[in-house]
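Heads up, entry39.pdb below (PDB, C-alpha atoms, pLDDT in the B column):
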ATOM      1  CA  MET A  22     -22.384  63.759  14.026  1.00 74.00           C
ATOM      2  CA  VAL A  23     -20.082  63.355  16.982  1.00 82.00           C
ATOM      3  CA  THR A  24     -21.991  63.966  20.180  1.00 92.00           C
ATOM      4  CA  LEU A  25     -24.151  61.411  21.946  1.00 90.00           C
ATOM      5  CA  ALA A  26     -27.137  63.744  21.663  1.00 92.00           C
ATOM      6  CA  GLU A  27     -26.707  63.966  17.887  1.00 93.00           C
ATOM      7  CA  ILE A  28     -26.369  60.218  17.555  1.00 93.00           C
ATOM      8  CA  GLU A  29     -29.433  59.638  19.722  1.00 91.00           C
ATOM      9  CA  ALA A  30     -31.427  62.128  17.663  1.00 93.00           C
ATOM     10  CA  ALA A  31     -30.419  60.354  14.469  1.00 94.00           C
ATOM     11  CA  ALA A  32     -31.224  56.949  15.929  1.00 93.00           C
ATOM     12  CA  VAL A  33     -34.797  58.042  16.605  1.00 93.00           C
ATOM     13  CA  SER A  34     -35.436  58.263  12.873  1.00 94.00           C
ATOM     14  CA  LEU A  35     -34.304  54.680  12.206  1.00 94.00           C
ATOM     15  CA  SER A  36     -36.856  51.964  11.501  1.00 94.00           C
ATOM     16  CA  PRO A  37     -37.539  49.428  14.271  1.00 89.00           C
ATOM     17  CA  ALA A  38     -35.406  46.854  12.440  1.00 88.00           C
ATOM     18  CA  GLU A  39     -32.545  49.328  12.101  1.00 91.00           C
ATOM     19  CA  LYS A  40     -32.806  50.254  15.773  1.00 87.00           C
ATOM     20  CA  GLN A  41     -32.533  46.565  16.665  1.00 81.00           C
ATOM     21  CA  GLU A  42     -29.523  46.231  14.375  1.00 86.00           C
ATOM     22  CA  LEU A  43     -27.945  49.261  16.042  1.00 89.00           C
ATOM     23  CA  MET A  44     -28.542  47.750  19.470  1.00 81.00           C
ATOM     24  CA  LEU A  45     -26.858  44.499  18.406  1.00 79.00           C
ATOM     25  CA  PHE A  46     -23.952  46.477  16.988  1.00 84.00           C
ATOM     26  CA  LEU A  47     -23.516  48.338  20.268  1.00 83.00           C
ATOM     27  CA  ALA A  48     -23.745  45.081  22.218  1.00 75.00           C
ATOM     28  CA  SER A  49     -21.004  43.574  20.035  1.00 76.00           C
ATOM     29  CA  ARG A  50     -18.846  46.678  20.573  1.00 80.00           C
ATOM     30  CA  LEU A  51     -19.332  46.451  24.322  1.00 75.00           C
ATOM     31  CA  ARG A  52     -18.312  42.803  24.207  1.00 72.00           C
ATOM     32  CA  ALA A  53     -15.241  43.649  22.133  1.00 74.00           C
ATOM     33  CA  GLU A  54     -14.282  46.355  24.608  1.00 76.00           C
ATOM     34  CA  GLY A  55     -14.216  43.870  27.442  1.00 70.00           C
ATOM     35  CA  ALA A  56     -17.592  44.392  29.011  1.00 69.00           C
ATOM     36  CA  LYS A  57     -18.485  41.519  31.254  1.00 73.00           C
ATOM     37  CA  LEU A  58     -21.094  40.450  33.689  1.00 78.00           C
ATOM     38  CA  PRO A  59     -20.367  40.854  37.382  1.00 80.00           C
ATOM     39  CA  GLU A  60     -20.463  37.852  39.672  1.00 86.00           C
ATOM     40  CA  PRO A  61     -24.011  36.936  40.688  1.00 89.00           C
ATOM     41  CA  ARG A  62     -24.732  38.628  43.997  1.00 89.00           C
ATOM     42  CA  VAL A  63     -25.224  36.793  47.259  1.00 93.00           C
ATOM     43  CA  PHE A  64     -28.088  38.231  49.276  1.00 93.00           C
ATOM     44  CA  SER A  65     -28.300  38.049  53.037  1.00 95.00           C
ATOM     45  CA  ALA A  66     -30.873  35.775  54.647  1.00 95.00           C
ATOM     46  CA  GLU A  67     -32.455  38.863  56.211  1.00 95.00           C
ATOM     47  CA  GLU A  68     -32.797  40.604  52.857  1.00 95.00           C
ATOM     48  CA  MET A  69     -34.410  37.597  51.218  1.00 96.00           C
ATOM     49  CA  ALA A  70     -36.711  37.079  54.211  1.00 97.00           C
ATOM     50  CA  ARG A  71     -37.781  40.713  53.877  1.00 96.00           C
ATOM     51  CA  TRP A  72     -38.558  40.258  50.179  1.00 96.00           C
ATOM     52  CA  ILE A  73     -40.631  37.166  50.888  1.00 97.00           C
ATOM     53  CA  ALA A  74     -42.529  38.865  53.731  1.00 98.00           C
ATOM     54  CA  GLU A  75     -43.307  41.884  51.528  1.00 97.00           C
ATOM     55  CA  ASP A  76     -44.333  39.631  48.654  1.00 98.00           C
ATOM     56  CA  GLU A  77     -46.712  37.680  50.914  1.00 98.00           C
ATOM     57  CA  ALA A  78     -48.097  40.913  52.395  1.00 98.00           C
ATOM     58  CA  ASP A  79     -48.790  42.204  48.873  1.00 96.00           C
ATOM     59  CA  MET A  80     -50.677  39.007  48.076  1.00 96.00           C
ATOM     60  CA  ARG A  81     -52.725  39.232  51.274  1.00 97.00           C
ATOM     61  CA  ARG A  82     -53.698  42.785  50.327  1.00 95.00           C
ATOM     62  CA  LEU A  83     -54.699  41.591  46.863  1.00 93.00           C
ATOM     63  CA  ARG A  84     -56.909  38.918  48.402  1.00 92.00           C
ATOM     64  CA  GLN A  85     -58.752  41.356  50.662  1.00 87.00           C
ATOM     65  CA  PRO A  86     -62.340  42.034  49.562  1.00 77.00           C
TER      66      PRO A  86
ATOM     67  CA  MET B  30     -37.663  34.294  41.270  1.00 97.00           C
ATOM     68  CA  ILE B  31     -36.211  33.602  44.710  1.00 97.00           C
ATOM     69  CA  ALA B  32     -39.405  34.708  46.450  1.00 98.00           C
ATOM     70  CA  GLY B  33     -41.523  32.779  43.965  1.00 97.00           C
ATOM     71  CA  ALA B  34     -39.637  29.595  44.745  1.00 98.00           C
ATOM     72  CA  ALA B  35     -39.437  30.161  48.508  1.00 98.00           C
ATOM     73  CA  SER B  36     -43.076  30.971  49.180  1.00 98.00           C
ATOM     74  CA  ALA B  37     -46.315  29.691  47.706  1.00 97.00           C
ATOM     75  CA  GLU B  38     -48.188  32.543  49.388  1.00 98.00           C
ATOM     76  CA  GLY B  39     -46.588  35.517  47.716  1.00 98.00           C
ATOM     77  CA  ALA B  40     -47.393  37.620  44.684  1.00 98.00           C
ATOM     78  CA  SER B  41     -44.294  36.276  42.913  1.00 98.00           C
ATOM     79  CA  ARG B  42     -45.596  32.706  42.928  1.00 98.00           C
ATOM     80  CA  SER B  43     -48.968  33.987  41.723  1.00 97.00           C
ATOM     81  CA  VAL B  44     -47.326  35.661  38.747  1.00 97.00           C
ATOM     82  CA  PHE B  45     -45.823  32.302  37.766  1.00 97.00           C
ATOM     83  CA  LEU B  46     -49.128  30.478  38.275  1.00 95.00           C
ATOM     84  CA  LEU B  47     -51.209  33.031  36.410  1.00 95.00           C
ATOM     85  CA  ALA B  48     -48.857  33.606  33.487  1.00 94.00           C
ATOM     86  CA  GLY B  49     -49.688  30.373  31.693  1.00 88.00           C
ATOM     87  CA  ALA B  50     -53.350  31.243  31.312  1.00 89.00           C
ATOM     88  CA  ARG B  51     -52.673  34.810  30.260  1.00 91.00           C
ATOM     89  CA  ASP B  52     -50.734  36.653  27.650  1.00 88.00           C
ATOM     90  CA  TRP B  53     -47.728  37.028  29.925  1.00 94.00           C
ATOM     91  CA  ARG B  54     -44.302  35.915  28.763  1.00 95.00           C
ATOM     92  CA  LEU B  55     -41.971  35.502  31.723  1.00 96.00           C
ATOM     93  CA  VAL B  56     -38.448  36.387  30.644  1.00 95.00           C
ATOM     94  CA  THR B  57     -35.183  36.015  32.502  1.00 94.00           C
ATOM     95  CA  THR B  58     -31.468  35.894  31.715  1.00 91.00           C
ATOM     96  CA  PRO B  59     -28.629  33.485  32.506  1.00 92.00           C
ATOM     97  CA  TYR B  60     -27.259  36.065  34.962  1.00 91.00           C
ATOM     98  CA  ALA B  61     -30.532  36.247  36.885  1.00 93.00           C
ATOM     99  CA  VAL B  62     -30.864  32.452  36.857  1.00 95.00           C
ATOM    100  CA  ALA B  63     -27.319  32.084  38.203  1.00 95.00           C
ATOM    101  CA  GLU B  64     -28.087  34.595  40.943  1.00 94.00           C
ATOM    102  CA  THR B  65     -31.232  32.705  41.877  1.00 96.00           C
ATOM    103  CA  VAL B  66     -29.510  29.324  41.998  1.00 96.00           C
ATOM    104  CA  ARG B  67     -26.641  30.760  44.022  1.00 96.00           C
ATOM    105  CA  ASN B  68     -28.989  32.177  46.647  1.00 97.00           C
ATOM    106  CA  LEU B  69     -31.298  29.188  46.831  1.00 96.00           C
ATOM    107  CA  ALA B  70     -28.524  27.397  48.681  1.00 94.00           C
ATOM    108  CA  ALA B  71     -29.651  29.291  51.785  1.00 95.00           C
ATOM    109  CA  PHE B  72     -33.074  27.619  51.668  1.00 97.00           C
ATOM    110  CA  PRO B  73     -34.306  24.063  52.288  1.00 97.00           C
ATOM    111  CA  ALA B  74     -34.101  21.617  49.386  1.00 96.00           C
ATOM    112  CA  SER B  75     -37.851  21.892  48.828  1.00 97.00           C
ATOM    113  CA  VAL B  76     -37.340  25.466  47.627  1.00 97.00           C
ATOM    114  CA  THR B  77     -34.943  24.270  44.945  1.00 96.00           C
ATOM    115  CA  THR B  78     -37.545  21.695  43.900  1.00 96.00           C
ATOM    116  CA  ALA B  79     -40.116  24.476  43.602  1.00 97.00           C
ATOM    117  CA  TRP B  80     -37.643  26.588  41.627  1.00 97.00           C
ATOM    118  CA  LEU B  81     -37.035  23.800  39.121  1.00 96.00           C
ATOM    119  CA  ARG B  82     -40.790  23.629  38.464  1.00 96.00           C
ATOM    120  CA  LEU B  83     -41.065  27.416  38.085  1.00 97.00           C
ATOM    121  CA  ARG B  84     -37.949  27.552  35.922  1.00 96.00           C
ATOM    122  CA  SER B  85     -39.720  25.699  33.126  1.00 94.00           C
ATOM    123  CA  ALA B  86     -42.157  28.615  32.769  1.00 94.00           C
ATOM    124  CA  LEU B  87     -39.371  31.077  32.008  1.00 96.00           C
ATOM    125  CA  VAL B  88     -37.969  32.122  28.666  1.00 94.00           C
ATOM    126  CA  VAL B  89     -34.232  32.717  28.988  1.00 94.00           C
ATOM    127  CA  VAL B  90     -32.857  35.509  26.809  1.00 88.00           C
ATOM    128  CA  ASP B  91     -29.290  36.712  26.459  1.00 82.00           C
ATOM    129  CA  ASP B  92     -27.697  38.863  29.112  1.00 83.00           C
ATOM    130  CA  VAL B  93     -26.915  42.390  28.025  1.00 77.00           C
ATOM    131  CA  LEU B  94     -23.310  43.157  28.826  1.00 69.00           C
ATOM    132  CA  THR B  95     -22.465  46.466  30.470  1.00 65.00           C
ATOM    133  CA  ILE B  96     -19.335  48.377  31.218  1.00 58.00           C
ATOM    134  CA  ASP B  97     -18.557  48.257  34.922  1.00 58.00           C
ATOM    135  CA  LYS B  98     -17.979  51.974  35.263  1.00 54.00           C
ATOM    136  CA  PRO B  99     -20.053  54.730  36.815  1.00 53.00           C
ATOM    137  CA  ALA B 100     -22.769  55.844  34.417  1.00 53.00           C
ATOM    138  CA  VAL B 101     -25.823  57.987  34.318  1.00 55.00           C
ATOM    139  CA  PHE B 102     -27.963  55.027  35.254  1.00 58.00           C
ATOM    140  CA  PRO B 103     -29.289  55.034  38.794  1.00 58.00           C
ATOM    141  CA  VAL B 104     -29.017  51.293  39.381  1.00 58.00           C
ATOM    142  CA  GLU B 105     -25.382  50.363  39.850  1.00 59.00           C
ATOM    143  CA  LYS B 106     -25.266  46.833  41.223  1.00 62.00           C
ATOM    144  CA  ASP B 107     -28.167  45.469  39.264  1.00 74.00           C
ATOM    145  CA  ARG B 108     -27.291  47.019  35.923  1.00 76.00           C
ATOM    146  CA  PRO B 109     -27.187  43.667  34.031  1.00 80.00           C
ATOM    147  CA  ILE B 110     -30.762  42.964  35.107  1.00 84.00           C
ATOM    148  CA  LEU B 111     -31.919  46.455  34.141  1.00 83.00           C
ATOM    149  CA  PHE B 112     -30.185  46.504  30.761  1.00 82.00           C
ATOM    150  CA  SER B 113     -31.384  43.013  29.847  1.00 83.00           C
ATOM    151  CA  ALA B 114     -34.946  43.963  30.775  1.00 86.00           C
ATOM    152  CA  LEU B 115     -34.680  47.113  28.666  1.00 82.00           C
ATOM    153  CA  ALA B 116     -33.710  44.966  25.697  1.00 79.00           C
ATOM    154  CA  SER B 117     -36.273  42.208  26.141  1.00 81.00           C
ATOM    155  CA  ALA B 118     -39.201  43.092  28.399  1.00 89.00           C
ATOM    156  CA  ASP B 119     -42.112  45.452  28.850  1.00 91.00           C
ATOM    157  CA  VAL B 120     -42.050  45.274  32.631  1.00 95.00           C
ATOM    158  CA  LEU B 121     -39.279  44.465  35.112  1.00 95.00           C
ATOM    159  CA  LEU B 122     -40.591  42.730  38.228  1.00 96.00           C
ATOM    160  CA  THR B 123     -38.360  42.890  41.282  1.00 95.00           C
ATOM    161  CA  LEU B 124     -38.558  42.911  45.057  1.00 94.00           C
ATOM    162  CA  ASP B 125     -35.080  44.400  45.308  1.00 90.00           C
ATOM    163  CA  ARG B 126     -35.814  47.715  46.982  1.00 85.00           C
ATOM    164  CA  ALA B 127     -32.158  48.198  47.870  1.00 81.00           C
ATOM    165  CA  ASP B 128     -31.120  48.548  44.230  1.00 81.00           C
ATOM    166  CA  PHE B 129     -34.371  49.673  42.630  1.00 82.00           C
ATOM    167  CA  SER B 130     -35.982  51.846  45.296  1.00 79.00           C
ATOM    168  CA  CYS B 131     -35.719  55.001  43.190  1.00 82.00           C
ATOM    169  CA  LEU B 132     -37.321  53.263  40.207  1.00 86.00           C
ATOM    170  CA  LEU B 133     -40.030  51.033  41.697  1.00 90.00           C
ATOM    171  CA  GLY B 134     -43.450  52.085  40.474  1.00 91.00           C
ATOM    172  CA  ASP B 135     -41.832  54.250  37.838  1.00 91.00           C
ATOM    173  CA  ARG B 136     -40.484  53.890  34.331  1.00 90.00           C
ATOM    174  CA  PHE B 137     -36.915  53.788  33.089  1.00 86.00           C
ATOM    175  CA  TYR B 138     -36.514  54.583  29.379  1.00 83.00           C
ATOM    176  CA  GLY B 139     -40.075  53.315  28.906  1.00 86.00           C
ATOM    177  CA  LEU B 140     -39.562  50.139  30.923  1.00 89.00           C
ATOM    178  CA  ALA B 141     -42.049  49.824  33.795  1.00 94.00           C
ATOM    179  CA  ILE B 142     -40.408  48.661  37.028  1.00 93.00           C
ATOM    180  CA  MET B 143     -42.626  47.248  39.749  1.00 96.00           C
ATOM    181  CA  THR B 144     -42.956  44.559  42.365  1.00 97.00           C
ATOM    182  CA  PRO B 145     -44.944  41.431  41.491  1.00 97.00           C
ATOM    183  CA  GLY B 146     -47.683  42.719  43.801  1.00 97.00           C
ATOM    184  CA  MET B 147     -47.812  46.047  41.954  1.00 96.00           C
ATOM    185  CA  TRP B 148     -48.056  44.172  38.663  1.00 96.00           C
ATOM    186  CA  LEU B 149     -50.963  42.007  39.836  1.00 96.00           C
ATOM    187  CA  LEU B 150     -52.743  45.063  41.224  1.00 95.00           C
ATOM    188  CA  ARG B 151     -52.258  46.911  37.947  1.00 95.00           C
ATOM    189  CA  GLU B 152     -53.660  43.993  35.989  1.00 95.00           C
ATOM    190  CA  ARG B 153     -56.650  43.747  38.320  1.00 94.00           C
ATOM    191  CA  GLU B 154     -57.367  47.466  38.153  1.00 93.00           C
ATOM    192  CA  ALA B 155     -57.216  47.225  34.361  1.00 93.00           C
ATOM    193  CA  GLY B 156     -59.874  44.509  34.479  1.00 91.00           C
ATOM    194  CA  ARG B 157     -57.494  41.849  33.190  1.00 89.00           C
ATOM    195  CA  LEU B 158     -57.312  39.874  36.434  1.00 87.00           C
ATOM    196  CA  GLU B 159     -60.110  38.679  38.672  1.00 79.00           C
ATOM    197  CA  ARG B 160     -59.859  39.035  42.455  1.00 67.00           C
ATOM    198  CA  ALA B 161     -57.692  36.285  43.972  1.00 58.00           C
TER     199      ALA B 161
END
As structure tokens, please, write out the structure in this file.
Amino acid sequence: MVTLAEIEAAAVSLSPAEKQELMLFLASRLRAEGAKLPEPRVFSAEEMARWIAEDEADMRRLRQP
Amino acid sequence: MIAGAASAEGASRSVFLLAGARDWRLVTTPYAVAETVRNLAAFPASVTTAWLRLRSALVVVDDVLTIDKPAVFPVEKDRPILFSALASADVLLTLDRADFSCLLGDRFYGLAIMTPGMWLLREREAGRLERA
């Protein structure tokens, strides 16, 4: 079993607990291989204003009879 | 989370307000919290006050680390958010159309990705949420 497709196919047959264990194993391997989180992003004022306007517009639509 | 803190009139704030009375568990990660706090600096202090109230409704789970290399996943910049949601959530709520435009309203490895407004609409159409 060497290809990703073979490993994925085998993983499907694992129990839920084993799948969770596999996920934790992979997370630990990623950490060991130097995976890291990027810096939190800084959004522009325009982008955030657009999100808020869209979010409020969605809520107005939800309130319409 | 930014929109929820910045506006009391949006769907995001409603998700926070409605979650307590429903079977909704609001989950976030340290990365997403850090991003929120970092960007709240652009708003008046009252928004930070609102955020601190909303923050108490959130369950913080571990970030899922990812390799910062091109991958088959369509979301590049927001990969930590996507991977953490895959590990911990049923639905990812975001207003970030720049990073999630190709996934909004769709599913990614079984994870539903939608805006807060889409989520509220879905709950209402399913009869689980009365009209606001």
Counting all atoms listed in the file, collect the residues of chain B whose closest atom lies at most 8 Å from chain A, and write them out as a CSV table (one decimal) with C-alpha atoms, keeping the file's coordinate frame.
chain,number,residue,atom,x,y,z
B,31,ILE,CA,-36.2,33.6,44.7
B,32,ALA,CA,-39.4,34.7,46.4
B,35,ALA,CA,-39.4,30.2,48.5
B,36,SER,CA,-43.1,31.0,49.2
B,38,GLU,CA,-48.2,32.5,49.4
B,39,GLY,CA,-46.6,35.5,47.7
B,40,ALA,CA,-47.4,37.6,44.7
B,41,SER,CA,-44.3,36.3,42.9
B,60,TYR,CA,-27.3,36.1,35.0
B,61,ALA,CA,-30.5,36.2,36.9
B,63,ALA,CA,-27.3,32.1,38.2
B,64,GLU,CA,-28.1,34.6,40.9
B,67,ARG,CA,-26.6,30.8,44.0
B,68,ASN,CA,-29.0,32.2,46.6
B,71,ALA,CA,-29.7,29.3,51.8
B,93,VAL,CA,-26.9,42.4,28.0
B,94,LEU,CA,-23.3,43.2,28.8
B,95,THR,CA,-22.5,46.5,30.5
B,96,ILE,CA,-19.3,48.4,31.2
B,97,ASP,CA,-18.6,48.3,34.9
B,109,PRO,CA,-27.2,43.7,34.0
B,124,LEU,CA,-38.6,42.9,45.1
B,125,ASP,CA,-35.1,44.4,45.3
B,145,PRO,CA,-44.9,41.4,41.5
B,146,GLY,CA,-47.7,42.7,43.8
B,147,MET,CA,-47.8,46.0,42.0
B,149,LEU,CA,-51.0,42.0,39.8
B,150,LEU,CA,-52.7,45.1,41.2
B,160,ARG,CA,-59.9,39.0,42.5
B,161,ALA,CA,-57.7,36.3,44.0
CA of Pro59 (chain B) to CA of Arg84 (chain B): how many Å, to one decimal?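 CA of Pro59 (chain B) sits 11.6 Å away from CA of Arg84 (chain B).
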If you count only C-alpha atoms, which residues fall within 12 Å of Gly49 (chain B), apart from same-chain ones fewer than 6 positions away, as a count of residues only? 6
Of the candidates B:Ala50, B:Ala141, B:Val90, B:Leu158, which one gets nearest to Leu122 (chain B) if we count only C-alpha atoms?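 Ranked by minimum distance to Leu122 (chain B), first place goes to B:Ala141.
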Using all atoms listed in the file: which of B:Arg151, B:Ala116, B:Thr65, B:Val44 has the shortest distance to Trp80 (chain B):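 Of B:Arg151, B:Ala116, B:Thr65, B:Val44, the one nearest Trp80 (chain B), counting all atoms listed in the file, is B:Thr65.
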Between B:Ser75, B:Met30, B:Asp107, B:Leu115, which residue has the minimum interatomic distance to Thr144 (chain B), considering only C-alpha atoms?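 Distance minimum relative to Thr144 (chain B) lands on B:Met30.
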With 3 Å of padding per side, what axis-aligned box (centre and edge lengths, Å, one decimal) covers all the listed atoms of region 70-85 of chain A? Give it as lines of an AutoDock Vina configuration file.
center_x = -47.7
center_y = 39.9
center_z = 50.5
size_x = 28.0
size_y = 11.7
size_z = 13.3
Straight-line distance linking CA of Asp119 (chain B) with CA of Thr57 (chain B), stated in Å to one decimal: 12.3 Å
Distance of CA of Ala32 (chain A) from CA of Phe46 (chain A), expressed in Å to one decimal place: 12.8 Å
Excluding Met22 (chain A) and residues on its chain fewer than 5 positions from it, collect all residues at most 12 Å away from it, counting all atoms listed in the file, and give them as a ChimeraX atom specification. /A:27-32
Let me see the file: selected residues, C-alpha atoms, as a compact mmCIF listing (two decimals), in the coordinates of the input.
# COMPACT_ATOMS: atom_id res chain seq x y z
CA GLU A 27 -26.71 63.97 17.89
CA ILE A 28 -26.37 60.22 17.56
CA GLU A 29 -29.43 59.64 19.72
CA ALA A 30 -31.43 62.13 17.66
CA ALA A 31 -30.42 60.35 14.47
CA ALA A 32 -31.22 56.95 15.93
Can you tell me which residues surround Phe129 (chain B) at a distance of at most 12 Å, considering all atoms listed in the file, apart from same-chain residues fewer than 3 positions away, and format the answer as a compact mmCIF listing (two decimals) with C-alpha atoms, in the coordinates of the input?
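Final output, out21.txt:
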# COMPACT_ATOMS: atom_id res chain seq x y z
CA PHE B 102 -27.96 55.03 35.25
CA PRO B 103 -29.29 55.03 38.79
CA VAL B 104 -29.02 51.29 39.38
CA GLU B 105 -25.38 50.36 39.85
CA LYS B 106 -25.27 46.83 41.22
CA ASP B 107 -28.17 45.47 39.26
CA ARG B 108 -27.29 47.02 35.92
CA ILE B 110 -30.76 42.96 35.11
CA LEU B 111 -31.92 46.46 34.14
CA LEU B 121 -39.28 44.46 35.11
CA LEU B 122 -40.59 42.73 38.23
CA THR B 123 -38.36 42.89 41.28
CA LEU B 124 -38.56 42.91 45.06
CA ASP B 125 -35.08 44.40 45.31
CA ARG B 126 -35.81 47.72 46.98
CA LEU B 132 -37.32 53.26 40.21
CA LEU B 133 -40.03 51.03 41.70
CA GLY B 134 -43.45 52.08 40.47
CA ASP B 135 -41.83 54.25 37.84
CA ARG B 136 -40.48 53.89 34.33
CA PHE B 137 -36.92 53.79 33.09
CA ALA B 141 -42.05 49.82 33.80
CA ILE B 142 -40.41 48.66 37.03
CA MET B 143 -42.63 47.25 39.75
CA THR B 144 -42.96 44.56 42.36
